[in-house]
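Pasted below: entry_10.txt, compact mmCIF, C-alpha atoms.
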```txt
# COMPACT_ATOMS: atom_id res chain seq x y z
CA GLY A 1 59.30 172.72 195.42
CA ILE A 2 56.04 173.79 193.87
CA CYS A 3 54.64 170.27 193.91
CA SER A 4 53.71 168.35 197.01
CA THR A 5 55.07 164.80 196.91
CA ASP A 6 53.35 163.53 200.05
CA ASP A 7 52.08 160.05 199.20
CA SER A 8 49.43 160.31 201.93
CA GLY A 9 47.27 162.59 199.78
CA SER A 10 43.60 161.92 199.14
CA PHE A 11 43.99 161.15 195.43
CA THR A 12 42.61 157.77 194.50
CA VAL A 13 42.96 155.68 191.35
CA LEU A 14 39.73 154.72 189.64
CA PRO A 15 38.84 151.17 188.55
CA SER A 16 40.35 150.07 185.29
CA SER A 17 38.62 150.52 181.95
CA PRO A 18 41.46 150.74 179.45
CA PHE A 19 42.07 153.29 176.77
CA GLN A 20 43.00 151.22 173.74
CA GLU A 21 46.31 152.96 173.19
CA SER A 22 49.97 152.00 173.45
CA SER A 23 51.93 152.95 176.54
CA VAL A 24 53.79 156.25 176.45
CA GLU A 25 57.08 154.36 176.67
CA GLN A 26 56.46 153.14 173.12
CA ILE A 27 55.85 156.64 171.71
CA PRO A 28 59.08 158.38 170.60
CA MET A 29 57.90 161.92 171.42
CA ALA A 30 55.07 161.31 173.89
CA THR A 31 53.49 164.70 174.55
CA VAL A 32 51.72 166.32 177.48
CA PHE A 33 49.51 169.28 176.60
CA VAL A 34 48.55 171.73 179.36
CA THR A 35 45.74 174.20 178.67
CA VAL A 36 44.08 176.99 180.65
CA GLY A 37 41.78 178.21 177.88
CA THR A 38 41.15 181.96 177.96
CA THR A 39 41.76 182.20 181.70
CA SER A 40 44.75 182.99 183.88
CA PHE A 41 45.97 180.05 185.98
CA ASP A 42 49.60 180.74 186.84
CA GLU A 43 49.73 178.16 189.63
CA LEU A 44 49.01 175.38 187.14
CA ILE A 45 51.53 176.66 184.59
CA GLU A 46 54.24 177.13 187.21
CA THR A 47 53.66 173.64 188.58
CA ALA A 48 53.51 171.91 185.22
CA SER A 49 56.72 173.57 184.00
CA SER A 50 58.65 173.02 187.24
CA GLU A 51 61.75 170.81 187.26
CA SER A 52 60.17 168.38 189.72
CA PHE A 53 57.10 167.84 187.55
CA ARG A 54 59.14 167.57 184.37
CA GLY A 55 61.21 164.92 186.12
CA LEU A 56 58.06 162.91 186.77
CA LEU A 57 57.02 163.27 183.13
CA CYS A 58 60.42 161.95 182.07
CA GLU A 59 60.06 158.96 184.39
CA LYS A 60 56.66 158.23 182.83
CA GLY A 61 58.16 158.30 179.33
CA TYR A 62 56.95 161.70 178.19
CA LYS A 63 59.39 163.76 176.12
CA LYS A 64 57.50 166.92 175.18
CA LEU A 65 55.52 169.47 177.20
CA VAL A 66 53.34 172.06 175.46
CA LEU A 67 51.68 174.73 177.58
CA GLN A 68 48.84 177.02 176.52
CA ILE A 69 49.08 179.78 179.13
CA GLY A 70 46.18 182.09 178.26
CA ARG A 71 46.39 185.52 179.86
CA GLY A 72 48.58 184.45 182.76
CA GLU A 73 51.49 186.55 183.98
CA TYR A 74 53.88 183.63 184.34
CA VAL A 75 55.61 182.66 181.08
CA PRO A 76 57.72 179.48 181.26
CA GLN A 77 61.04 179.43 179.48
CA ASP A 78 61.19 177.36 176.31
CA ASP A 79 63.69 174.52 176.59
CA ASP A 80 64.75 172.12 173.85
CA ALA A 81 67.84 170.84 175.66
CA GLY A 82 66.31 168.96 178.60
CA ASP A 83 64.97 165.42 178.81
CA VAL A 84 61.49 166.92 178.41
CA SER A 85 61.29 169.77 175.91
CA VAL A 86 59.12 172.76 176.88
CA SER A 87 57.27 175.22 174.66
CA SER A 88 54.40 177.60 175.37
CA TYR A 89 52.00 180.00 173.71
CA ARG A 90 49.07 182.15 174.78
CA TYR A 91 46.31 181.50 172.27
CA LYS A 92 45.48 179.79 168.99
CA ASP A 93 42.33 179.89 166.90
CA SER A 94 41.81 176.21 167.74
CA LEU A 95 43.31 173.72 170.17
CA ALA A 96 42.31 170.79 167.94
CA ASP A 97 45.81 170.12 166.59
CA ASP A 98 47.39 170.20 170.05
CA LEU A 99 44.73 167.88 171.41
CA ARG A 100 45.22 165.44 168.56
CA GLY A 101 48.97 165.48 169.11
CA ALA A 102 48.76 164.96 172.87
CA ASP A 103 49.15 161.66 174.71
CA LEU A 104 47.98 163.24 177.96
CA VAL A 105 46.08 166.48 178.57
CA ILE A 106 46.16 168.53 181.76
CA SER A 107 43.41 171.13 181.70
CA HIS A 108 41.85 173.78 183.88
CA ALA A 109 38.31 172.98 184.96
CA GLY A 110 36.52 174.87 182.17
CA ALA A 111 33.67 172.84 180.69
CA GLY A 112 34.71 173.60 177.10
CA CYS A 113 38.29 172.37 177.54
CA ILE A 114 37.23 169.30 179.51
CA LEU A 115 34.58 168.08 177.09
CA GLU A 116 36.58 168.89 173.97
CA THR A 117 39.45 166.83 175.35
CA LEU A 118 37.18 163.91 176.21
CA ALA A 119 35.61 164.12 172.74
CA ALA A 120 39.11 163.79 171.30
CA GLN A 121 39.44 160.57 173.34
CA LYS A 122 42.50 161.78 175.25
CA PRO A 123 43.41 160.87 178.85
CA LEU A 124 42.67 163.90 181.00
CA VAL A 125 43.77 165.31 184.34
CA VAL A 126 41.80 168.37 185.46
CA ALA A 127 43.49 170.97 187.66
CA VAL A 128 40.98 172.81 189.83
CA ASN A 129 41.59 176.45 190.70
CA GLU A 130 41.15 176.70 194.47
CA THR A 131 40.12 180.35 194.21
CA LEU A 132 37.03 179.11 192.35
CA MET A 133 36.29 176.10 194.55
CA GLY A 134 32.63 177.00 194.98
CA ASN A 135 31.72 177.27 191.31
CA HIS A 136 30.10 174.99 188.77
CA GLN A 137 33.44 173.94 187.27
CA LEU A 138 34.37 171.97 190.38
CA GLU A 139 31.04 170.14 190.28
CA LEU A 140 31.61 169.22 186.65
CA ALA A 141 35.06 167.80 187.47
CA LYS A 142 33.69 165.87 190.43
CA GLN A 143 30.91 164.30 188.38
CA LEU A 144 33.25 163.28 185.55
CA HIS A 145 35.62 161.82 188.14
CA ARG A 146 32.79 159.84 189.75
CA ASP A 147 31.90 158.50 186.31
CA GLY A 148 35.51 157.41 185.77
CA HIS A 149 36.37 159.72 182.87
CA ILE A 150 39.03 161.93 184.48
CA GLN A 151 41.36 162.41 187.40
CA TYR A 152 41.40 165.79 189.11
CA GLY A 153 43.01 167.77 191.90
CA THR A 154 44.63 171.10 192.69
CA PRO A 155 47.99 172.13 191.21
CA ARG A 156 49.61 171.27 194.57
CA GLU A 157 48.42 167.69 194.11
CA LEU A 158 49.59 167.41 190.52
CA CYS A 159 52.84 165.58 191.28
CA ASP A 160 51.05 162.98 193.41
CA ILE A 161 48.44 162.54 190.70
CA MET A 162 51.12 162.07 188.08
CA LYS A 163 52.95 159.48 190.19
CA LYS A 164 49.83 157.35 190.54
CA LEU A 165 48.24 158.03 187.17
CA ASP A 166 47.30 155.04 185.04
CA VAL A 167 45.81 156.34 181.79
CA GLY A 168 44.31 152.90 181.22
CA SER A 169 42.05 153.42 184.25
CA LEU A 170 40.09 156.23 182.57
CA ARG A 171 36.83 155.45 180.80
CA LYS A 172 36.20 156.84 177.35
CA PHE A 173 33.52 159.49 176.99
CA SER A 174 30.86 159.06 174.28
CA PRO A 175 29.67 162.52 173.15
CA GLY A 176 28.64 161.09 169.80
CA LYS A 177 25.56 159.49 171.38
CA PRO A 178 23.05 162.27 172.14
CA GLU A 179 20.89 160.14 174.43
CA LEU A 180 23.87 159.25 176.63
CA PHE A 181 25.09 162.84 176.70
CA GLY A 182 21.63 164.07 177.65
CA SER A 183 21.36 161.49 180.42
CA TRP A 184 24.79 162.45 181.73
CA LEU A 185 23.89 166.16 181.58
CA MET A 186 20.76 165.63 183.66
CA LYS A 187 22.67 163.56 186.20
CA THR A 188 25.29 166.29 186.50
CA ALA A 189 22.67 169.02 186.88
CA ASN A 190 20.86 166.98 189.55
CA ALA A 191 24.14 166.45 191.41
CA VAL A 192 24.81 170.16 191.43
CA THR A 193 21.28 170.93 192.55
CA ALA A 194 21.54 168.50 195.44
CA SER A 195 24.95 169.64 196.62
CA GLN A 196 24.78 173.38 195.93
CA ARG A 197 21.06 174.24 196.11
CA SER A 198 21.80 177.18 193.87
CA VAL A 199 19.67 177.85 190.81
CA ALA A 200 22.19 180.37 189.50
CA LYS A 201 25.02 177.84 189.61
CA VAL A 202 22.94 175.18 187.89
CA ARG A 203 22.16 177.64 185.11
CA LEU A 204 25.85 178.48 184.76
CA LEU A 205 26.67 174.80 184.50
CA LEU A 206 24.04 174.15 181.86
CA LEU A 207 25.18 177.15 179.83
CA ALA A 208 28.81 176.05 180.05
CA VAL A 209 28.02 172.48 179.04
CA ALA A 210 25.80 173.66 176.17
CA ALA A 211 28.65 175.80 174.86
CA ALA A 212 31.03 172.89 175.23
CA ALA A 213 28.65 170.57 173.38
CA LEU A 214 28.57 173.03 170.50
CA SER A 215 32.36 173.19 170.38
CA ILE A 216 32.53 169.39 170.38
CA ALA A 217 30.09 169.18 167.48
CA VAL A 218 32.24 171.58 165.48
CA TYR A 219 35.40 169.68 166.42
CA LEU A 220 33.99 166.30 165.40
CA CYS A 221 32.87 167.67 162.05
CA GLN A 222 36.36 168.92 161.13
```
Would you mind writing the structure in this file as structure tokens?
Amino acid sequence: GICSTDDSGSFTVLPSSPFQESSVEQIPMATVFVTVGTTSFDELIETASSESFRGLLCEKGYKKLVLQIGRGEYVPQDDDAGDVSVSSYRYKDSLADDLRGADLVISHAGAGCILETLAAQKPLVVAVNETLMGNHQLELAKQLHRDGHIQYGTPRELCDIMKKLDVGSLRKFSPGKPELFGSWLMKTANAVTASQRSVAKVRLLLLAVAAAALSIAVYLCQ
């Protein structure tokens, strides 16, 4: 299948720091929202809409899968008859409603999508595009993972991640405290500088995070 189910993968579960939310088994229409922003990420969409992955979602208690597919070529078939319903769309003016309605978010590694999801206090799995493995987005995902806010991996690892995922192990992000956000931003920039030694990539990261911070401010004021 599209997903690898090898339990010997490198994915690790972070220490517990619970989200204060009920388990998905207690939510009648627990929803997973997958988003790729304005990009094309067909591998993620194909994986997330595959029968094997939907089977895992069903086992975890999720009943609804919503996919925002951006400009990708692959368009999953809508399905209301299965154990996990599937619907998709390309773009909306805002993802705020879908984020609010989600019990789990699976996002590409774009800074805007990541930080907007964390600002909405939603459990987040980040899918990294391997064709962009050297860019600032991977560094952002790594740093947030080290800080305990997200889980991340490639689309091929998504099934293994889902099997082991405990949403209660993810720490809440606090974008509403400027001093904490600024401290985190500097730590992330320093991590990129140390590992990449690339001024251009640091600048890209800072620009992406600044744009994301602006989108979060707008979101929180709605």
Quiz item: Between A:Glu130, A:Glu43, A:Asp166, A:Asp80, which one has atoms that come closest to Gly153 (chain A), using all atoms listed in the file?
Solution: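 Among A:Glu130, A:Glu43, A:Asp166, A:Asp80, it is A:Glu130 that comes nearest to Gly153 (chain A).
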Practice problem: Check the smallest atom-to-atom distance from each of A:Thr39, A:Thr47, A:Ser88, A:Ser52 to Gly72 (chain A) using all atoms listed in the file, then report the winner. | Solution: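 Ranking A:Thr39, A:Thr47, A:Ser88, A:Ser52 by distance to Gly72 (chain A), first place goes to A:Thr39.
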Exercise. Go through A:Ile114, A:Leu170, A:Leu165, A:Val105 one by one, measure the shortest atom-to-atom distance of each to Leu140 (chain A) using all atoms listed in the file, and give the residue with the smallest value.
Key: A:Ile114
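Here CA of Ser94 (chain A) is placed at a distance of 18.0 Å from CA of Leu65 (chain A).
Note that the spacing between CA of Asp160 (chain A) and CA of Phe41 (chain A) amounts to 19.3 Å.
Counting all atoms listed in the file and comparing A:Asp93, A:Glu51, A:Glu46, A:Asp78, the residue that lies closest to Arg156 (chain A) is A:Glu46.
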Exercise. Find the residues near Leu44 (chain A): any atom within 9 Å, counting all atoms listed in the file, skip ones fewer than 2 places away on the same chain, and give them as a ChimeraX atom specification.
Key: /A:34,36,41-42,46-49,107-108,127-129,154-156,158
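For the pair CA of Glu73 (chain A) and CA of Glu139 (chain A), the interatomic distance is 27.0 Å.
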